[in-house]
Every structure is written in C-alpha cells, then in structure tokens.
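First up is the structure itself, then whatever we jot down about it.
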Amino acid sequence: SIEGYGIHGNSAEWSIGTSASLGCFRLHNKDIQKLFSLVPVGTPVQIVYQTVRGGIDLNNNTAWLEVYPDIYQWSNPELESAKVIQSLGWIYEPHWQALGNLLQAKKPLRVEIPRVIKIEGESLDIDGFYWQQQVYLSQKCLEVLTVNFKTLRADELFSGFVKLDTTDLPGGNSQYFWDPQANTLRIIRLKVLLNGMELSDAASWSSDHRLLMNIKTIAAQLNAKFDWDCVSKAAICNEMKLVGEPRDGVFWVELEGLQRVWPQLKSTWDGKNYTLELMYKKR
C-alpha cells in the first residue's frame with residue numbers, strides 16, 4: 001500500500017469519530033466516494049488540530065460553540081473558546097461563568113453561548129445572562145426583591161443562578177420587563193408615599209396585575225383599628241368591612257377599598273416612576 005496516512009473508507013463505520021485508527025482518516029464510504037471524485041490523488045492536505053469552533057446564527061441572534069475532547073492535551077479549551085468567540089465579532093458579551101459550566105462535558109458538545117444582559121431599574125447588584133430564550137439571575141435577587149417565587153427556580157446547570165420565567169411576570173412589589181431587542185431586563189420596584197413619607201411593603205401587584213394595598217400598614221400610619229379574618233377573607237377597619245386577598249400573612253385590598261374607609265385619602269399615580277402618592281388630611 002501507499003506509505004503515509006490515508007483518507008479512506010472502511011467496513012467498520014461504527015468506528016468513525018473514535019480513536020480506532022493508527023493515524024488514517026476514516027470516512028463513511030459514501031463520503032469517500034464523493035471526495036475521490038473531487039480531489040486528485042496526491043493533493044497536499046493540511047491537518048489542523050482544532051478542539052473548538054464556533055459561529056453565529058443570524059436568524060436567532062445567537063452564537064454557538066462546538067467543543068471536542070482534547071485527546072492529546074495540546075490545547076486549553078477555555079482559552080481556545082475565548083479566541084474563537086473573539087474571532088466571531090459577536091456584538092454581545094459572553095457570560096464566562098455560565099459558559100464554563102456548559103464546557104464541563106467530556107464529549108463532543110455544541111452549545112449556545114450565554115450572553116450577559118443589561119439590568120436597569122433599581123440600583124441592584126444583580127448578575128444575569130440570557131441562554132436558550134431564558135433569563136437567568138444571580139440568587140442575590142432573592143435577597144433584594146419581593147417576588148412570586150413560583151417564577152424563580154434554582155437551576156442545577158448554573159450554580160448560583162435562578163431561572164426567571166419572563167412569560168409569567170411575577171406579583172410582589174417588583175415588576176419585570178424583558179426587552180430582547182435591547183438585551184435588557186428592567187426591574188421596577190413599586191413605591192408608596194403617604195404624605196411624602198415612603199412606606200415599606202405597602203403595595204403589591206397581584207398575579208393578574210392589579211394594584212393592591214397593605215391595609216394593615218396604611219391603618220397603622222393613620223392610627224386606625226384593624227382586624228381581619230383569613231377564613232372569610234374580610235377585614236374590619238374603622239367599623240367598615242372590606243373583602244380582600246390574604247397572602248403571605250398580609251391582607252391586601254384594592255385602592256378603592258382604602259378610599260371607602262378613608263374618603264379623604266387622595267391618590268396620584270406616577271406611571272413613569274411606578275410611584276403611588278397618597279395624601280391624607282384629617283377632617
């Protein structure tokens with residue numbers, strides 16, 4: 001036979017993709033037939049040892065990597081990945097910690113590159129990224145935001161991060177707005193001012209996006225008597241019965257309910273800053 005390493009077909013196609021040969025390149029028989037018709041015998045061949053390659057999917061505005069085992073220990077997968085990503089000219093910044101988690105596999109792997117997202121709104125030190133049409137936030141968000149925890153799930157693949165379901169915006173005192181075009185998650189905290197003083201945990205969004213008020217907090221500020229029955233879902237305030245929504249040990253009522261108890265309570269809604277201003281003057 002011809003000396004050197006050959007490119008040839010074989011009768012054990014199951015071995016393709018493994019380290020079964022002694023140096024030759026094994027192809028599927030149908031592929032070697034096509035190659036033979038295109039390339040003359042003796043054509044110079046350049047062999048490139050490449051464990052990482054990548055590309056950009058313009059249709060989905062995502063980038064991907066294909067990572068193969070470094071069987072000869074000739075390269076650094078993390079360093080090679082960084083070089084490939086840089087060569088792509090991708091407009092987004094990769095989230096290296098999340099990408100590192102994905103590159104732990106010891107087999108050929110094609111992965112979408114997680115990208116860093118912008119987070120706007122409150123001054124929050126929260127890290128986040130976007131991957132496979134999902135937004136992930138660092139678990140610090142659980143410490144600084146009041147949210148519906150059903151929409152935040154710890155993720156086994158990305159340690160220290162939780163997955164945010166952007167199709168089901170949570171209730172609580174914060175609202176989320178995901179803008180995929182701007183690659184930005186806007187977090188807006190609801191504020192309530194009573195006679196110019198900000199009240200803590202005085203308002204919340206319901207699961208169907210209604211504005212609810214913590215009647216106990218308001219009553220305490222106005223020195224009013226308050227009691228409620230979680231069974232009947234009714235509250236008694238200033239001898240007036242109100243139907244509301246008990247949740248997490250708090251009794252929530254709509255703003256109109258408060259104004260029935262205190263007719264002199266005036267409200268102004270600042271939709272730009274998500275701030276409810278209440279003014280109360282005793283008669």
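Just remember, in the structure tokens the first chain shown is A, the second B, etc., residues are 1-based per chain, and ligands are 1-based in the order shown.
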Considering only C-alpha atoms, return as a PyMOL selection string whatever protein or nucleic-acid residues lie within 7 Å of Cys237 (chain A), sequence-local ones (same chain, fewer than 6 positions apart) excluded. chain A and resi 225-227
Output the selection as a PDB file, in the first residue's frame - N, CA and C atoms for each residue.
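Saved the output as again_2.pdb:
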ATOM      1  N   LYS A 225     -57.942  51.371  63.872  1.00  0.00           N
ATOM      2  CA  LYS A 225     -58.075  49.991  64.316  1.00  0.00           C
ATOM      3  C   LYS A 225     -58.243  49.080  63.099  1.00  0.00           C
ATOM      4  N   PHE A 226     -57.636  47.896  63.206  1.00  0.00           N
ATOM      5  CA  PHE A 226     -57.676  46.976  62.067  1.00  0.00           C
ATOM      6  C   PHE A 226     -57.728  45.547  62.575  1.00  0.00           C
ATOM      7  N   ASP A 227     -58.549  44.725  61.921  1.00  0.00           N
ATOM      8  CA  ASP A 227     -58.601  43.295  62.212  1.00  0.00           C
ATOM      9  C   ASP A 227     -59.054  42.591  60.946  1.00  0.00           C
TER      10      ASP A 227
END
Exercise: region 266-280 of chain A partners within 8 Å, only C-alpha atoms, chain neighbours under 4 positions left out, as a list in words: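 Residues meeting the cut-off are Ile188, Arg189, Leu190, Lys191, Val192, Leu193, Leu194, Asn195, Gly196 and Gln259 of chain A.
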Which one is closest to Glu120 (chain A): A:Ala182, A:Leu222, A:Leu58, A:Val52? Count only C-alpha atoms.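 The answer is A:Ala182, which sits nearest to Glu120 (chain A).
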Expressed in Å to a single decimal, how great is the separation between CA of Phe25 (chain A) and CA of Ser37 (chain A)? 17.1 Å
Taking only region 58-276 of chain A into account, list the residues labelled strand (DSSP E or B) by DSSP (computed from the backbone), as an NGL selection string. :A and (62-67 or 94 or 109-112 or 115-116 or 118-121 or 128-131 or 134-138 or 147 or 152-154 or 161-164 or 172 or 174-179 or 184-189 or 191-194 or 197-199 or 203-205 or 211-214 or 226-229 or 234-237 or 240-243 or 245-247 or 250-254 or 265-270 or 275-276)
Within 7 Å of region 242-247 of chain A using only C-alpha atoms, minus same-chain residues under 6 positions, as a list in words: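 Everything that qualifies: Cys230, Lys233, Ala234, Ala235, Ile236, Val253 and Gly257 of chain A.
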List the spatial neighbours of region 6-18 of chain A as a list in words - criterion: any atom at most 9 Å away, only C-alpha atoms, same-chain residues fewer than 2 positions off excluded. Ile2, Glu3, Gly4, Ala20, Ser21, Gly23, Cys24, Phe25, Arg26, Leu27, His28, Asn29, Lys30, Asp31, Ile32 and Gln33 of chain A
Can you list, as a PyMOL selection string, every protein, DNA or RNA residue that comes within 7 Å of region 212-221 of chain A when you count only C-alpha atoms, leaving out same-chain residues fewer than 5 positions away? chain A and resi 202-206+226+250-255
Hey, can you spit out that residue selection with C-alpha atoms as a PDB file, in the first residue's frame?
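Okay, again.pdb is ready:
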ATOM      1  CA  ALA A 202     -47.366  48.998  51.433  1.00  0.00           C
ATOM      2  CA  ALA A 203     -48.349  47.872  47.935  1.00  0.00           C
ATOM      3  CA  SER A 204     -48.067  44.864  45.679  1.00  0.00           C
ATOM      4  CA  TRP A 205     -49.008  43.656  42.242  1.00  0.00           C
ATOM      5  CA  SER A 206     -51.483  40.809  42.079  1.00  0.00           C
ATOM      6  CA  PHE A 226     -57.676  46.976  62.067  1.00  0.00           C
ATOM      7  CA  VAL A 250     -50.821  40.165  54.776  1.00  0.00           C
ATOM      8  CA  PHE A 251     -54.311  41.396  53.924  1.00  0.00           C
ATOM      9  CA  TRP A 252     -54.413  43.150  50.556  1.00  0.00           C
ATOM     10  CA  VAL A 253     -57.232  45.325  49.241  1.00  0.00           C
ATOM     11  CA  GLU A 254     -57.616  47.437  46.147  1.00  0.00           C
ATOM     12  CA  LEU A 255     -57.022  51.178  46.383  1.00  0.00           C
TER      13      LEU A 255
END
Determine, counting only C-alpha atoms, which protein, DNA and RNA residues have an atom within 8 Å of an atom of region 61-71 of chain A; residues of the same chain fewer than 5 positions away are not included. Present the result as number ranges by chain. A: 51-56, 77, 81, 90, 103, 106-113
Would you compute the distance between CA of Pro114 (chain A) and CA of Ala98 (chain A)? Give it in Å to one decimal. 6.5 Å
Lys282 (chain A) surroundings by only C-alpha atoms, 10 Å radius, close-in-sequence under 4 positions cut, as a JSON list (two decimals) with N, CA and C atoms, in the first residue's frame:
[["chain", "number", "residue", "atom", "x", "y", "z"],
["A", 222, "LEU", "N", -52.21, 55.63, 59.95],
["A", 222, "LEU", "CA", -53.32, 56.55, 60.21],
["A", 222, "LEU", "C", -53.94, 56.33, 61.59],
["A", 262, "TRP", "N", -61.37, 55.60, 54.09],
["A", 262, "TRP", "CA", -60.91, 56.97, 54.32],
["A", 262, "TRP", "C", -61.21, 57.80, 53.07],
["A", 264, "GLN", "N", -61.21, 60.84, 52.55],
["A", 264, "GLN", "CA", -60.33, 61.99, 52.37],
["A", 264, "GLN", "C", -58.92, 61.59, 51.90],
["A", 265, "LEU", "N", -58.71, 60.29, 51.66],
["A", 265, "LEU", "CA", -57.42, 59.80, 51.18],
["A", 265, "LEU", "C", -57.34, 60.01, 49.66]]
Helix (DSSP H, G or I) positions in region 38-112 of chain A, given as a PyMOL selection string: chain A and resi 38+77-88+96-102
